[in-house]
>>> print(open('work-v8.txt').read())   # compact mmCIF, C-alpha atoms and all ligand atoms
# COMPACT_ATOMS: atom_id res chain seq x y z
CA MET V 1 -96.44 5.43 17.24
CA SER V 2 -95.35 5.90 20.83
CA THR V 3 -95.69 9.41 22.16
CA ALA V 4 -92.76 9.10 24.59
CA ALA V 5 -90.65 12.24 24.50
CA ALA V 6 -87.58 12.34 22.29
CA VAL V 7 -84.25 12.34 24.07
CA GLY V 8 -82.66 15.79 23.78
CA SER V 9 -79.36 14.62 22.31
CA VAL V 10 -77.83 11.24 21.61
CA SER V 11 -74.30 10.77 20.40
CA PHE V 12 -73.26 7.52 18.67
CA ALA V 13 -69.51 7.48 19.08
CA GLY V 14 -66.85 5.85 16.99
CA ALA V 15 -68.68 3.25 14.86
CA ALA V 16 -66.53 1.02 12.67
CA GLU V 17 -69.08 1.42 9.86
CA LEU V 18 -71.71 4.09 9.34
CA MET V 19 -74.04 3.70 6.37
CA ARG V 20 -74.34 6.82 4.19
CA PRO V 21 -76.29 7.10 0.93
CA PRO V 22 -74.36 7.57 -2.34
CA GLU V 23 -75.48 11.21 -2.41
CA GLU V 24 -77.56 13.47 -0.17
CA GLY V 25 -81.22 13.96 -0.99
CA LEU V 26 -81.83 10.83 -3.05
CA GLU V 27 -85.43 9.59 -3.13
CA HIS V 28 -84.33 6.04 -3.75
CA ILE V 29 -81.30 4.11 -4.94
CA ARG V 30 -81.59 2.41 -8.30
CA GLY V 31 -79.66 -0.69 -9.23
CA LEU V 32 -75.90 -0.65 -9.08
CA HIS V 33 -75.84 2.85 -7.59
CA ALA V 34 -76.17 1.00 -4.27
CA ASP V 35 -72.53 0.01 -4.63
CA ALA V 36 -71.68 3.64 -3.84
CA ILE V 37 -73.24 3.41 -0.37
CA GLY V 38 -70.68 4.41 2.24
CA LEU V 39 -69.81 2.12 5.14
CA ALA V 40 -66.85 4.05 6.55
CA PRO V 41 -66.04 4.66 10.23
CA GLY V 42 -68.01 7.50 11.77
CA SER V 43 -70.02 9.09 14.56
CA LEU V 44 -73.55 10.48 14.58
CA LEU V 45 -75.40 13.03 16.68
CA VAL V 46 -79.18 13.09 17.03
CA ARG V 47 -80.67 16.23 18.56
CA ASP V 48 -84.40 16.64 19.32
CA GLY V 49 -85.15 13.48 17.36
CA ARG V 50 -83.33 14.54 14.17
CA ILE V 51 -79.89 13.81 12.78
CA ALA V 52 -77.91 16.93 13.60
CA ALA V 53 -74.28 16.09 12.78
CA PHE V 54 -71.88 13.35 11.81
CA GLU V 55 -69.65 13.83 14.80
CA HIS V 56 -69.47 12.74 18.42
CA ASP V 57 -70.65 15.15 21.11
CA PRO V 58 -69.28 14.00 24.48
CA GLY V 59 -71.73 16.37 26.18
CA ALA V 60 -74.82 14.64 24.76
CA GLU V 61 -77.49 13.38 27.20
CA LEU V 62 -77.00 9.83 25.96
CA VAL V 63 -73.73 8.51 24.62
CA VAL V 64 -73.71 5.25 22.69
CA ASP V 65 -70.35 3.52 22.53
CA ALA V 66 -70.42 2.22 18.95
CA ARG V 67 -66.84 0.98 18.77
CA GLY V 68 -66.62 -2.15 16.65
CA CYS V 69 -70.25 -1.69 15.62
CA THR V 70 -72.20 -0.67 12.51
CA LEU V 71 -74.74 2.17 12.41
CA LEU V 72 -77.54 1.77 9.88
CA PRO V 73 -80.71 3.71 9.22
CA GLY V 74 -83.69 1.92 10.79
CA PHE V 75 -85.06 -0.84 8.59
CA VAL V 76 -88.35 -0.10 6.83
CA ASP V 77 -90.63 -3.07 6.19
CA CYS V 78 -92.88 -1.88 3.38
CA HIS V 79 -94.87 -5.09 2.86
CA THR V 80 -96.50 -6.75 5.87
CA HIS V 81 -99.99 -8.10 6.47
CA LEU V 82 -100.18 -6.93 10.10
CA PRO V 83 -102.57 -6.88 11.89
CA PHE V 84 -103.77 -10.48 11.69
CA ALA V 85 -105.15 -13.10 14.06
CA GLY V 86 -103.56 -16.45 14.87
CA TRP V 87 -101.30 -18.56 12.69
CA ARG V 88 -101.61 -21.36 10.10
CA ALA V 89 -98.81 -23.73 11.06
CA ALA V 90 -100.78 -26.85 10.06
CA GLU V 91 -101.08 -25.44 6.53
CA TYR V 92 -97.32 -25.00 6.41
CA GLY V 93 -96.96 -28.64 7.40
CA ARG V 94 -99.05 -29.61 4.36
CA ARG V 95 -97.22 -27.27 2.03
CA VAL V 96 -93.79 -28.65 2.93
CA ARG V 97 -95.10 -32.07 1.90
CA GLY V 98 -95.99 -30.67 -1.51
CA VAL V 99 -99.63 -29.55 -1.31
CA PRO V 100 -99.88 -26.35 -3.44
CA TYR V 101 -101.00 -23.08 -1.84
CA GLU V 102 -103.81 -22.76 -4.39
CA GLU V 103 -105.21 -26.18 -3.44
CA ILE V 104 -105.18 -25.30 0.26
CA ALA V 105 -106.84 -21.97 -0.49
CA ARG V 106 -109.57 -23.53 -2.65
CA ALA V 107 -110.30 -26.01 0.16
CA GLY V 108 -111.05 -23.19 2.61
CA GLY V 109 -107.55 -22.58 3.98
CA GLY V 110 -105.31 -19.70 3.00
CA ILE V 111 -106.64 -16.16 3.23
CA GLY V 112 -110.14 -17.48 4.01
CA ALA V 113 -108.82 -19.24 7.12
CA SER V 114 -107.17 -16.08 8.40
CA ALA V 115 -110.35 -14.12 7.62
CA ARG V 116 -112.32 -16.50 9.87
CA ALA V 117 -109.69 -16.19 12.61
CA LEU V 118 -109.84 -12.40 12.40
CA ARG V 119 -113.65 -12.41 12.54
CA GLU V 120 -113.61 -14.60 15.66
CA ALA V 121 -110.85 -12.72 17.50
CA SER V 122 -111.51 -9.74 19.75
CA ASP V 123 -109.92 -6.41 18.85
CA GLU V 124 -107.72 -6.70 21.92
CA ASP V 125 -106.48 -10.17 20.98
CA VAL V 126 -105.58 -9.01 17.47
CA LEU V 127 -103.79 -5.94 18.78
CA GLU V 128 -101.92 -7.87 21.43
CA GLN V 129 -100.61 -10.47 18.97
CA SER V 130 -99.69 -7.81 16.42
CA ALA V 131 -98.01 -5.54 18.97
CA GLY V 132 -95.96 -8.54 20.08
CA LEU V 133 -94.81 -9.00 16.50
CA ALA V 134 -93.99 -5.30 16.28
CA ARG V 135 -91.75 -5.75 19.33
CA GLU V 136 -89.99 -8.65 17.60
CA MET V 137 -89.54 -6.35 14.59
CA LEU V 138 -88.01 -3.70 16.82
CA ALA V 139 -85.53 -6.25 18.12
CA ALA V 140 -84.61 -6.97 14.50
CA GLY V 141 -84.14 -3.27 13.68
CA THR V 142 -87.43 -2.36 11.98
CA THR V 143 -88.35 1.23 12.82
CA ALA V 144 -91.22 1.72 10.34
CA PHE V 145 -93.60 -0.73 8.73
CA GLU V 146 -96.66 -1.03 6.54
CA CYS V 147 -99.93 -2.53 7.77
CA LYS V 148 -102.43 -4.03 5.33
CA SER V 149 -106.07 -4.96 5.61
CA GLY V 150 -107.12 -7.89 3.42
CA TYR V 151 -108.35 -10.45 5.93
CA GLY V 152 -111.67 -8.63 6.34
CA LEU V 153 -113.32 -10.08 3.21
CA SER V 154 -116.44 -7.97 3.76
CA ARG V 155 -117.07 -4.24 3.89
CA GLU V 156 -117.39 -4.29 7.69
CA GLY V 157 -114.44 -6.66 8.01
CA GLU V 158 -112.15 -4.48 5.90
CA LEU V 159 -113.17 -1.31 7.76
CA ARG V 160 -112.48 -3.12 11.05
CA ALA V 161 -109.10 -4.33 9.79
CA LEU V 162 -108.14 -0.76 8.84
CA ALA V 163 -109.32 0.54 12.22
CA LEU V 164 -107.18 -2.16 13.87
CA ALA V 165 -104.22 -1.10 11.72
CA ALA V 166 -104.62 2.48 12.93
CA ALA V 167 -104.95 1.29 16.55
CA LEU V 168 -101.82 -0.82 16.13
CA GLY V 169 -99.99 2.24 14.84
CA ASP V 170 -100.95 4.09 18.03
CA ARG V 171 -99.76 1.23 20.22
CA VAL V 172 -96.32 0.43 18.79
CA GLU V 173 -93.05 2.35 18.81
CA GLN V 174 -92.63 2.24 15.03
CA ALA V 175 -94.08 4.59 12.45
CA THR V 176 -96.74 2.71 10.47
CA THR V 177 -98.70 3.23 7.27
CA SER V 178 -101.98 1.63 6.25
CA THR V 179 -102.69 -0.02 2.91
CA ALA V 180 -106.21 -1.11 2.05
CA LEU V 181 -105.79 -4.55 0.45
CA LEU V 182 -109.42 -4.58 -0.56
CA ALA V 183 -108.99 -7.14 -3.34
CA HIS V 184 -107.17 -9.99 -1.59
CA ALA V 185 -109.49 -12.98 -2.08
CA VAL V 186 -112.94 -13.25 -3.61
CA PRO V 187 -115.37 -13.47 -0.65
CA ALA V 188 -117.99 -16.23 -0.61
CA GLY V 189 -121.13 -15.22 -2.46
CA HIS V 190 -119.22 -12.91 -4.81
CA THR V 191 -117.56 -13.15 -8.18
CA ALA V 192 -114.34 -11.19 -8.64
CA ASP V 193 -116.36 -8.66 -10.68
CA SER V 194 -119.11 -8.23 -8.12
CA TRP V 195 -116.54 -7.88 -5.33
CA MET V 196 -114.79 -5.12 -7.30
CA ASP V 197 -118.17 -3.34 -7.48
CA GLU V 198 -118.31 -3.64 -3.70
CA VAL V 199 -114.74 -2.35 -3.39
CA GLU V 200 -115.70 0.73 -5.39
CA ALA V 201 -118.79 1.22 -3.28
CA MET V 202 -116.91 0.95 0.01
CA LEU V 203 -114.09 3.29 -0.99
CA PRO V 204 -115.65 6.48 0.44
CA ALA V 205 -116.00 4.75 3.82
CA VAL V 206 -112.43 3.42 3.57
CA LEU V 207 -111.13 6.91 2.87
CA ALA V 208 -113.27 8.61 5.50
CA GLY V 209 -110.88 7.60 8.29
CA GLY V 210 -108.07 9.47 6.51
CA GLY V 211 -105.30 7.03 7.43
CA VAL V 212 -105.10 4.95 4.26
CA GLY V 213 -102.25 5.76 1.88
CA ALA V 214 -102.48 2.99 -0.70
CA LEU V 215 -104.74 0.39 -2.30
CA ASP V 216 -103.56 -3.15 -2.98
CA ILE V 217 -104.73 -6.20 -4.93
CA PHE V 218 -103.71 -9.86 -5.32
CA VAL V 219 -103.58 -10.75 -9.02
CA GLU V 220 -103.61 -14.54 -9.34
CA SER V 221 -105.66 -17.41 -10.76
CA ILE V 222 -107.29 -17.87 -7.33
CA ALA V 223 -107.92 -14.14 -6.84
CA PHE V 224 -108.17 -11.19 -9.25
CA SER V 225 -107.22 -10.48 -12.87
CA ASN V 226 -105.28 -7.82 -14.72
CA ALA V 227 -108.59 -6.16 -15.63
CA HIS V 228 -109.33 -5.80 -11.92
CA LEU V 229 -105.84 -4.41 -11.39
CA GLU V 230 -106.56 -1.75 -14.03
CA ARG V 231 -109.84 -0.94 -12.36
CA LEU V 232 -108.25 -0.62 -8.90
CA GLY V 233 -105.53 1.56 -10.43
CA ALA V 234 -108.17 3.96 -11.73
CA LEU V 235 -109.84 4.05 -8.32
CA ALA V 236 -106.51 4.71 -6.58
CA ALA V 237 -105.63 7.50 -9.01
CA ALA V 238 -109.02 9.14 -8.59
CA ALA V 239 -108.66 8.99 -4.79
CA GLY V 240 -105.06 10.24 -4.81
CA LEU V 241 -103.78 6.99 -3.30
CA ALA V 242 -100.77 4.90 -4.22
CA LEU V 243 -101.38 1.61 -6.03
CA ARG V 244 -99.62 -1.51 -4.79
CA ALA V 245 -100.08 -4.96 -6.35
CA HIS V 246 -99.26 -8.56 -5.46
CA VAL V 247 -98.31 -9.92 -8.88
CA GLU V 248 -96.52 -12.86 -10.51
CA GLN V 249 -96.32 -14.79 -7.21
CA LEU V 250 -97.71 -18.24 -8.06
CA GLY V 251 -98.07 -17.89 -11.83
CA CYS V 252 -97.04 -15.51 -14.62
CA HIS V 253 -99.92 -13.29 -15.72
CA ARG V 254 -97.97 -10.43 -17.36
CA SER V 255 -99.38 -8.07 -14.74
CA VAL V 256 -96.31 -5.84 -14.51
CA PRO V 257 -96.93 -3.78 -17.69
CA VAL V 258 -100.54 -3.38 -16.59
CA ALA V 259 -99.49 -2.20 -13.13
CA ILE V 260 -96.92 0.23 -14.54
CA ALA V 261 -99.48 1.67 -16.96
CA ALA V 262 -101.87 2.07 -14.02
CA GLY V 263 -99.21 4.13 -12.20
CA ALA V 264 -98.37 1.56 -9.52
CA ARG V 265 -95.97 2.63 -6.80
CA SER V 266 -94.83 -0.96 -6.44
CA VAL V 267 -95.26 -4.45 -7.79
CA ASP V 268 -94.68 -7.07 -5.12
CA HIS V 269 -93.52 -10.72 -5.24
CA LEU V 270 -92.40 -11.02 -8.94
CA SER V 271 -91.32 -14.64 -8.36
CA GLN V 272 -92.58 -15.49 -11.85
CA LEU V 273 -91.78 -12.16 -13.51
CA HIS V 274 -91.64 -12.63 -17.28
CA PRO V 275 -88.08 -11.98 -18.54
CA ASP V 276 -89.44 -9.49 -21.09
CA ASP V 277 -90.84 -7.36 -18.26
CA VAL V 278 -87.55 -6.83 -16.42
CA ALA V 279 -86.45 -3.90 -18.60
CA ALA V 280 -89.78 -2.05 -18.38
CA LEU V 281 -89.81 -2.40 -14.62
CA ALA V 282 -86.18 -1.37 -14.34
CA ALA V 283 -87.00 1.89 -16.12
CA ALA V 284 -90.28 2.65 -14.32
CA PRO V 285 -90.94 4.81 -11.24
CA CYS V 286 -92.28 1.67 -9.63
CA ALA V 287 -90.56 -0.38 -6.93
CA ALA V 288 -89.86 -4.08 -7.39
CA VAL V 289 -90.69 -5.43 -3.94
CA LEU V 290 -89.11 -8.86 -3.50
CA LEU V 291 -90.25 -11.20 -0.75
CA PRO V 292 -87.68 -14.00 -0.47
CA GLY V 293 -89.21 -15.29 2.78
CA ALA V 294 -92.40 -16.24 0.95
CA GLU V 295 -90.35 -17.70 -1.91
CA PHE V 296 -88.21 -19.82 0.40
CA LEU V 297 -90.96 -21.06 2.72
CA GLY V 298 -93.40 -21.60 -0.14
CA ALA V 299 -90.93 -23.24 -2.53
CA GLU V 300 -92.03 -20.54 -4.99
CA HIS V 301 -90.06 -19.55 -8.06
CA ARG V 302 -87.24 -17.08 -7.50
CA ALA V 303 -87.64 -13.45 -8.54
CA PRO V 304 -84.86 -12.21 -10.86
CA GLY V 305 -83.38 -10.01 -8.16
CA ARG V 306 -79.92 -9.79 -9.71
CA ALA V 307 -81.29 -8.87 -13.14
CA LEU V 308 -83.54 -6.19 -11.61
CA VAL V 309 -80.60 -4.59 -9.82
CA ASP V 310 -78.39 -4.84 -12.91
CA GLY V 311 -81.15 -3.28 -15.02
CA GLY V 312 -81.47 -0.31 -12.65
CA ALA V 313 -84.75 -1.06 -10.85
CA ILE V 314 -85.79 0.32 -7.48
CA VAL V 315 -85.37 -3.02 -5.73
CA VAL V 316 -86.98 -3.45 -2.30
CA LEU V 317 -86.85 -6.30 0.20
CA SER V 318 -89.63 -6.89 2.70
CA THR V 319 -90.84 -9.64 5.00
CA ASP V 320 -94.42 -10.08 3.65
CA ALA V 321 -95.16 -10.93 7.32
CA ASN V 322 -98.39 -12.93 7.26
CA PRO V 323 -99.71 -16.16 8.79
CA GLY V 324 -99.79 -17.99 5.46
CA THR V 325 -96.91 -17.57 3.06
CA SER V 326 -94.34 -15.79 5.26
CA PRO V 327 -94.54 -15.92 9.08
CA ILE V 328 -91.28 -13.93 9.18
CA VAL V 329 -90.75 -10.51 10.74
CA SER V 330 -86.95 -10.16 10.63
CA LEU V 331 -85.41 -8.04 7.89
CA PRO V 332 -81.88 -9.27 8.75
CA LEU V 333 -83.15 -12.75 7.92
CA VAL V 334 -84.67 -11.46 4.68
CA ILE V 335 -81.37 -9.79 3.79
CA GLY V 336 -79.63 -13.11 4.35
CA LEU V 337 -82.06 -14.87 2.04
CA ALA V 338 -81.83 -12.18 -0.63
CA VAL V 339 -78.04 -12.10 -0.71
CA ARG V 340 -77.90 -15.87 -1.11
CA LEU V 341 -80.91 -16.43 -3.40
CA TYR V 342 -80.57 -13.40 -5.69
CA GLY V 343 -76.83 -12.83 -5.50
CA LEU V 344 -77.13 -9.30 -4.11
CA SER V 345 -74.29 -7.44 -2.44
CA THR V 346 -74.71 -6.32 1.15
CA ARG V 347 -75.07 -2.69 0.00
CA GLU V 348 -77.77 -3.61 -2.55
CA ALA V 349 -79.70 -5.49 0.11
CA LEU V 350 -79.34 -2.64 2.60
CA ALA V 351 -80.58 -0.05 0.09
CA ALA V 352 -83.54 -2.32 -0.56
CA CYS V 353 -84.84 -2.39 3.00
CA THR V 354 -84.00 1.17 3.99
CA LEU V 355 -84.35 4.09 1.53
CA ASN V 356 -86.06 2.11 -1.24
CA ALA V 357 -88.59 0.67 1.16
CA ALA V 358 -89.19 4.12 2.64
CA TRP V 359 -89.82 5.48 -0.87
CA THR V 360 -92.35 2.73 -1.51
CA LEU V 361 -94.31 3.95 1.53
CA GLY V 362 -93.80 7.66 0.75
CA LEU V 363 -91.61 8.09 3.86
CA GLU V 364 -88.32 8.86 2.12
CA ARG V 365 -88.12 12.51 3.16
CA GLU V 366 -88.11 11.59 6.85
CA ARG V 367 -86.65 8.10 7.01
CA GLY V 368 -84.65 5.46 5.20
CA SER V 369 -81.17 7.00 5.33
CA LEU V 370 -78.81 8.67 7.77
CA GLU V 371 -78.86 12.27 6.50
CA LEU V 372 -78.91 15.65 8.23
CA GLY V 373 -82.45 16.61 9.23
CA LYS V 374 -83.91 13.14 8.90
CA ARG V 375 -85.32 11.33 11.91
CA GLY V 376 -82.91 9.67 14.26
CA ASP V 377 -84.05 6.14 13.44
CA VAL V 378 -80.86 4.16 13.91
CA VAL V 379 -79.91 0.50 14.19
CA LEU V 380 -76.75 -0.48 16.06
CA LEU V 381 -75.28 -3.77 14.84
CA ASP V 382 -72.65 -5.59 16.87
CA SER V 383 -70.89 -6.68 13.67
CA PRO V 384 -69.78 -5.46 10.25
CA ALA V 385 -72.74 -5.06 7.88
CA GLU V 386 -71.62 -7.94 5.68
CA GLN V 387 -72.18 -10.34 8.58
CA ILE V 388 -75.96 -9.76 8.45
CA ALA V 389 -76.19 -12.15 5.52
CA TYR V 390 -73.10 -14.23 6.19
CA ARG V 391 -74.02 -15.27 9.73
CA PHE V 392 -77.42 -16.28 8.41
CA GLY V 393 -80.19 -16.51 10.99
CA ARG V 394 -78.26 -14.69 13.73
CA ASN V 395 -79.73 -11.35 14.79
CA PRO V 396 -76.87 -8.79 14.83
CA VAL V 397 -79.06 -5.95 16.18
CA ALA V 398 -77.65 -4.77 19.51
CA ALA V 399 -80.00 -1.79 19.86
CA THR V 400 -82.68 0.08 17.94
CA PHE V 401 -83.40 3.81 18.24
CA ILE V 402 -86.40 5.79 17.00
CA ASP V 403 -86.11 9.59 16.97
CA GLY V 404 -82.94 8.99 18.96
CA ARG V 405 -84.76 7.13 21.74
CA PRO V 406 -83.49 3.64 22.57
CA VAL V 407 -86.60 1.51 21.96
CA HIS V 408 -84.87 -1.85 22.07
CA VAL V 409 -81.57 -2.68 23.78
CA ARG V 410 -80.22 -6.22 23.83
CA PRO V 411 -79.17 -6.90 27.44
CA ASP V 412 -75.57 -7.70 26.55
CA ALA V 413 -75.29 -4.33 24.77
CA ALA V 414 -76.76 -2.24 27.59
CA TRP V 415 -73.30 -1.20 28.77
CA ARG V 416 -72.82 0.70 25.51
CA ILE V 417 -75.53 3.28 26.35
CA ARG V 418 -74.67 5.75 29.09
CA ALA V 419 -76.71 8.71 30.33
CA ARG V 420 -74.68 11.79 31.17
O1 LIG T 1 -98.46 -11.79 0.12
N1 LIG T 1 -100.42 -13.28 -1.97
C1 LIG T 1 -101.31 -12.89 -1.27
N2 LIG T 1 -101.22 -12.52 0.00
C2 LIG T 1 -100.25 -13.01 0.93
C3 LIG T 1 -100.60 -14.33 1.47
C4 LIG T 1 -101.70 -14.20 2.41
C5 LIG T 1 -102.00 -15.46 3.15
O2 LIG T 1 -101.72 -16.57 2.70
O3 LIG T 1 -102.57 -15.25 4.24
C6 LIG T 1 -98.85 -12.91 0.37
O4 LIG T 1 -98.12 -13.88 0.22
FE FE T 2 -98.26 -9.98 0.73
>>> encode(input="work-v8.txt", output="structure tokens", more="lines below")
Ligand code: NIG
Ligand code: FE
Amino acid sequence: MSTAAAVGSVSFAGAAELMRPPEEGLEHIRGLHADAIGLAPGSLLVRDGRIAAFEHDPGAELVVDARGCTLLPGFVDCHTHLPFAGWRAAEYGRRVRGVPYEEIARAGGGIGASARALREASDEDVLEQSAGLAREMLAAGTTAFECKSGYGLSREGELRALALAAALGDRVEQATTSTALLAHAVPAGHTADSWMDEVEAMLPAVLAGGGVGALDIFVESIAFSNAHLERLGALAAAAGLALRAHVEQLGCHRSVPVAIAAGARSVDHLSQLHPDDVAALAAAPCAAVLLPGAEFLGAEHRAPGRALVDGGAIVVLSTDANPGTSPIVSLPLVIGLAVRLYGLSTREALAACTLNAAWTLGLERERGSLELGKRGDVVLLDSPAEQIAYRFGRNPVAATFIDGRPVHVRPDAAWRIRAR
């Protein structure tokens, strides 16, 4: 995260819509409770990096003219695969002509291809590409995001990926977290079982750096099984880490009950969630992280987003930014997909990529909603919130603020920000 000094006071004056949570102090917003999110006119004052009042202070050091605009909490992208090296556009070209992801992966593409690219890239090249993506995310309103390892595919490779994630966090404006996706693909020369032995053996070294908050696994026919998910859950619990899991993406393996029993903080993808597992997930303290970018670009099945909201789940939307299944970094675009594909309301989609995403990363006390005392992470839209989805593909973000500092200002919106 950038160390630039916070602006003393910033006043956002006269917004047409200002997003407020249904109640103060919520950890997350389940299901239909999102309909109680406020989007009324309002002003906001950030002092010393924190939200200090819901009123305009004409004497503030910076005044943001928010007339006709919407003020949202900064978007939180809780599922990305940054940092990574290069892209896999040729693979996408094959997939749109019907070649399945699994077939490409078995033939040496997929995660294996990105692992080779990472191995061959210098640290600086990886950081430069990833920091460029973080700047794109800033321009789309993302003020905090998750980094994952997972393209290391060896002990040294995973430790390097986590070191790069930490270095990326130091280089970008956003707050970042690091997830060790140690069980992403089975490395050459290993079985899934023998690789899990290696994962267990490398865990002390992974934890030694101190920056890792969660462990993650890809449960799929081409990767790991529910038994491995259970095993990783036990390792995460013993280490005091959160458990995240990529499940039910390409096939249905009934991994959700296993993940919930293992205490998972989130289950991600869910494109082939079994209908019988919706109710259990809706009642669990476990986020349902939906990734409609991967579903759309991969012609995957569609997660039951509407049923999860109706059931009362902690529904989250994220980009899944990665060079394979989802080369997308814009949460406004993801909101547009989710509203259309799942039938979500604007408020449900907004809850999903603000407070609920922050909860998934353990950041909900500081971020994810506009509440007194929280950080001044604010997105200024040049439109009503409902236009995020409706004007699909257009970026409505006029400016992005972190701790009250303007960290991205679209040139045509510069006139709105005046220093006293
Ligand atoms: O979340 N599903 C596993 N991992 C990624 C894909 C990674 C890749 O193809 O590089 C995902 O979609
Ligand atoms: Fe992913």
>>> residues_around(input="work-v8.txt", residues="Ala208 of chain V", least_positions_apart="3", cutoff="12 Å", atoms="all atoms listed in the file", output="VMD selection string")
chain V and resid 159 162 to 163 202 to 205 211 to 213 239
>>> write_last_selection(input="work-v8.txt", atoms="C-alpha atoms", output="CSV table (one decimal), in the frame of the given file")
chain,number,residue,atom,x,y,z
V,159,LEU,CA,-113.2,-1.3,7.8
V,162,LEU,CA,-108.1,-0.8,8.8
V,163,ALA,CA,-109.3,0.5,12.2
V,202,MET,CA,-116.9,1.0,0.0
V,203,LEU,CA,-114.1,3.3,-1.0
V,204,PRO,CA,-115.6,6.5,0.4
V,205,ALA,CA,-116.0,4.8,3.8
V,211,GLY,CA,-105.3,7.0,7.4
V,212,VAL,CA,-105.1,5.0,4.3
V,213,GLY,CA,-102.2,5.8,1.9
V,239,ALA,CA,-108.7,9.0,-4.8
>>> closest_residue(input="work-v8.txt", among="V:Arg365, V:Arg265, V:His301, V:Arg340", to="Gly251 of chain V", atoms="all atoms listed in the file")
V:His301
>>> closest_atom_pairs(input="work-v8.txt", of="chain V", to="ligand FE 2 (chain T)", cutoff="7 Å", atoms="only C-alpha atoms and all ligand atoms", output="tab-separated table")
residue	atom	partner	partner_atom	distance
V:His79	CA	T:FE2	FE	6.3
V:Thr80	CA	T:FE2	FE	6.3
V:His81	CA	T:FE2	FE	6.3
V:His246	CA	T:FE2	FE	6.4
V:Asp320	CA	T:FE2	FE	4.8
>>> closest_residue(input="work-v8.txt", among="V:Leu26, V:Val64, V:Ala134, V:Ala236", to="Val206 of chain V", atoms="all atoms listed in the file")
V:Ala236
>>> axis_aligned_box(input="work-v8.txt", around="segment 126-144 of chain V", padding_each_side="6 Å", output="AutoDock Vina command-line options")
--center_x -94.9 --center_y -4.4 --center_z 15.9 --size_x 33.4 --size_y 24.2 --size_z 23.1
>>> residues_around(input="work-v8.txt", residues="His274 of chain V", least_positions_apart="5", cutoff="10 Å", atoms="only C-alpha atoms", output="count of residues only")
9
>>> residues_around(input="work-v8.txt", residues="Ala175 of chain V", least_positions_apart="6", cutoff="12 Å", atoms="only C-alpha atoms", output="PyMOL selection string")
chain V and resi 1-3+74-78+134+138+142-147+165-166+168-169+358+361+363+366-368+375+377+402-403
>>> residues_around(input="work-v8.txt", residues="segment 107-116 of chain V", least_positions_apart="5", cutoff="9 Å", atoms="only C-alpha atoms", output="list in words")
Phe84, Ala85, Gly86, Trp87, Arg88, Glu91, Tyr101, Glu102, Ala121, Gly150, Tyr151, Gly152, Leu153, Gly157, His184, Ala185, Pro187, Pro323, Gly324 and Thr325 of chain V
>>> residues_around(input="work-v8.txt", residues="Ala338 of chain V", least_positions_apart="4", cutoff="9 Å", atoms="all atoms listed in the file", output="PyMOL selection string")
chain V and resi 290-293+305+317+333-334+342-344+349+389
>>> closest_residue(input="work-v8.txt", among="V:Ala139, V:Val378, V:Ala321, V:Leu281", to="ligand LIG 1 (chain T)", atoms="all atoms listed in the file")
V:Ala321
>>> closest_residue(input="work-v8.txt", among="V:Arg97, V:Arg119, V:Arg50, V:His269", to="ligand LIG 1 (chain T)", atoms="all atoms listed in the file")
V:His269
>>> closest_residue(input="work-v8.txt", among="V:Gly68, V:Pro384, V:Pro100, V:Gly25", to="Gly298 of chain V", atoms="only C-alpha atoms")
V:Pro100
>>> closest_residue(input="work-v8.txt", among="V:Ser326, V:Ser9, V:Ser178, V:Thr354", to="ligand LIG 1 (chain T)", atoms="only C-alpha atoms and all ligand atoms")
V:Ser326
>>> atom_distance(input="work-v8.txt", atom1="atom CA of Val247 of chain V", atom2="atom C3 of ligand LIG 1 (chain T)")
11.5 Å
>>> atom_distance(input="work-v8.txt", atom1="atom CA of Val316 of chain V", atom2="atom CA of Val289 of chain V")
4.5 Å
>>> residues_near_point(input="work-v8.txt", point="(-104.5, -4.7, 4.2)", cutoff="6 Å", atoms="all atoms listed in the file", output="JSON list (two decimals) with C-alpha atoms, in the coordinates of the input")
[["chain", "number", "residue", "atom", "x", "y", "z"],
["V", 148, "LYS", "CA", -102.43, -4.03, 5.33],
["V", 149, "SER", "CA", -106.07, -4.96, 5.61],
["V", 150, "GLY", "CA", -107.12, -7.89, 3.42],
["V", 179, "THR", "CA", -102.69, -0.02, 2.91],
["V", 180, "ALA", "CA", -106.21, -1.11, 2.05],
["V", 181, "LEU", "CA", -105.79, -4.55, 0.45]]
>>> build_atoms(input="work-v8.txt", residues="segment 234-239 of chain V", atoms="N, CA and C atoms", output="PDB file, in the coordinates of the input")
ATOM      1  N   ALA V 234    -107.372   2.767 -11.445  1.00  0.00           N
ATOM      2  CA  ALA V 234    -108.170   3.960 -11.730  1.00  0.00           C
ATOM      3  C   ALA V 234    -108.794   4.504 -10.454  1.00  0.00           C
ATOM      4  N   LEU V 235    -109.248   3.608  -9.588  1.00  0.00           N
ATOM      5  CA  LEU V 235    -109.840   4.050  -8.320  1.00  0.00           C
ATOM      6  C   LEU V 235    -108.784   4.726  -7.443  1.00  0.00           C
ATOM      7  N   ALA V 236    -107.587   4.133  -7.397  1.00  0.00           N
ATOM      8  CA  ALA V 236    -106.510   4.710  -6.580  1.00  0.00           C
ATOM      9  C   ALA V 236    -106.146   6.098  -7.107  1.00  0.00           C
ATOM     10  N   ALA V 237    -106.009   6.209  -8.428  1.00  0.00           N
ATOM     11  CA  ALA V 237    -105.630   7.500  -9.010  1.00  0.00           C
ATOM     12  C   ALA V 237    -106.686   8.558  -8.701  1.00  0.00           C
ATOM     13  N   ALA V 238    -107.948   8.171  -8.839  1.00  0.00           N
ATOM     14  CA  ALA V 238    -109.020   9.140  -8.590  1.00  0.00           C
ATOM     15  C   ALA V 238    -109.030   9.580  -7.123  1.00  0.00           C
ATOM     16  N   ALA V 239    -108.624   8.675  -6.227  1.00  0.00           N
ATOM     17  CA  ALA V 239    -108.660   8.990  -4.790  1.00  0.00           C
ATOM     18  C   ALA V 239    -107.337   9.588  -4.309  1.00  0.00           C
TER      19      ALA V 239
END
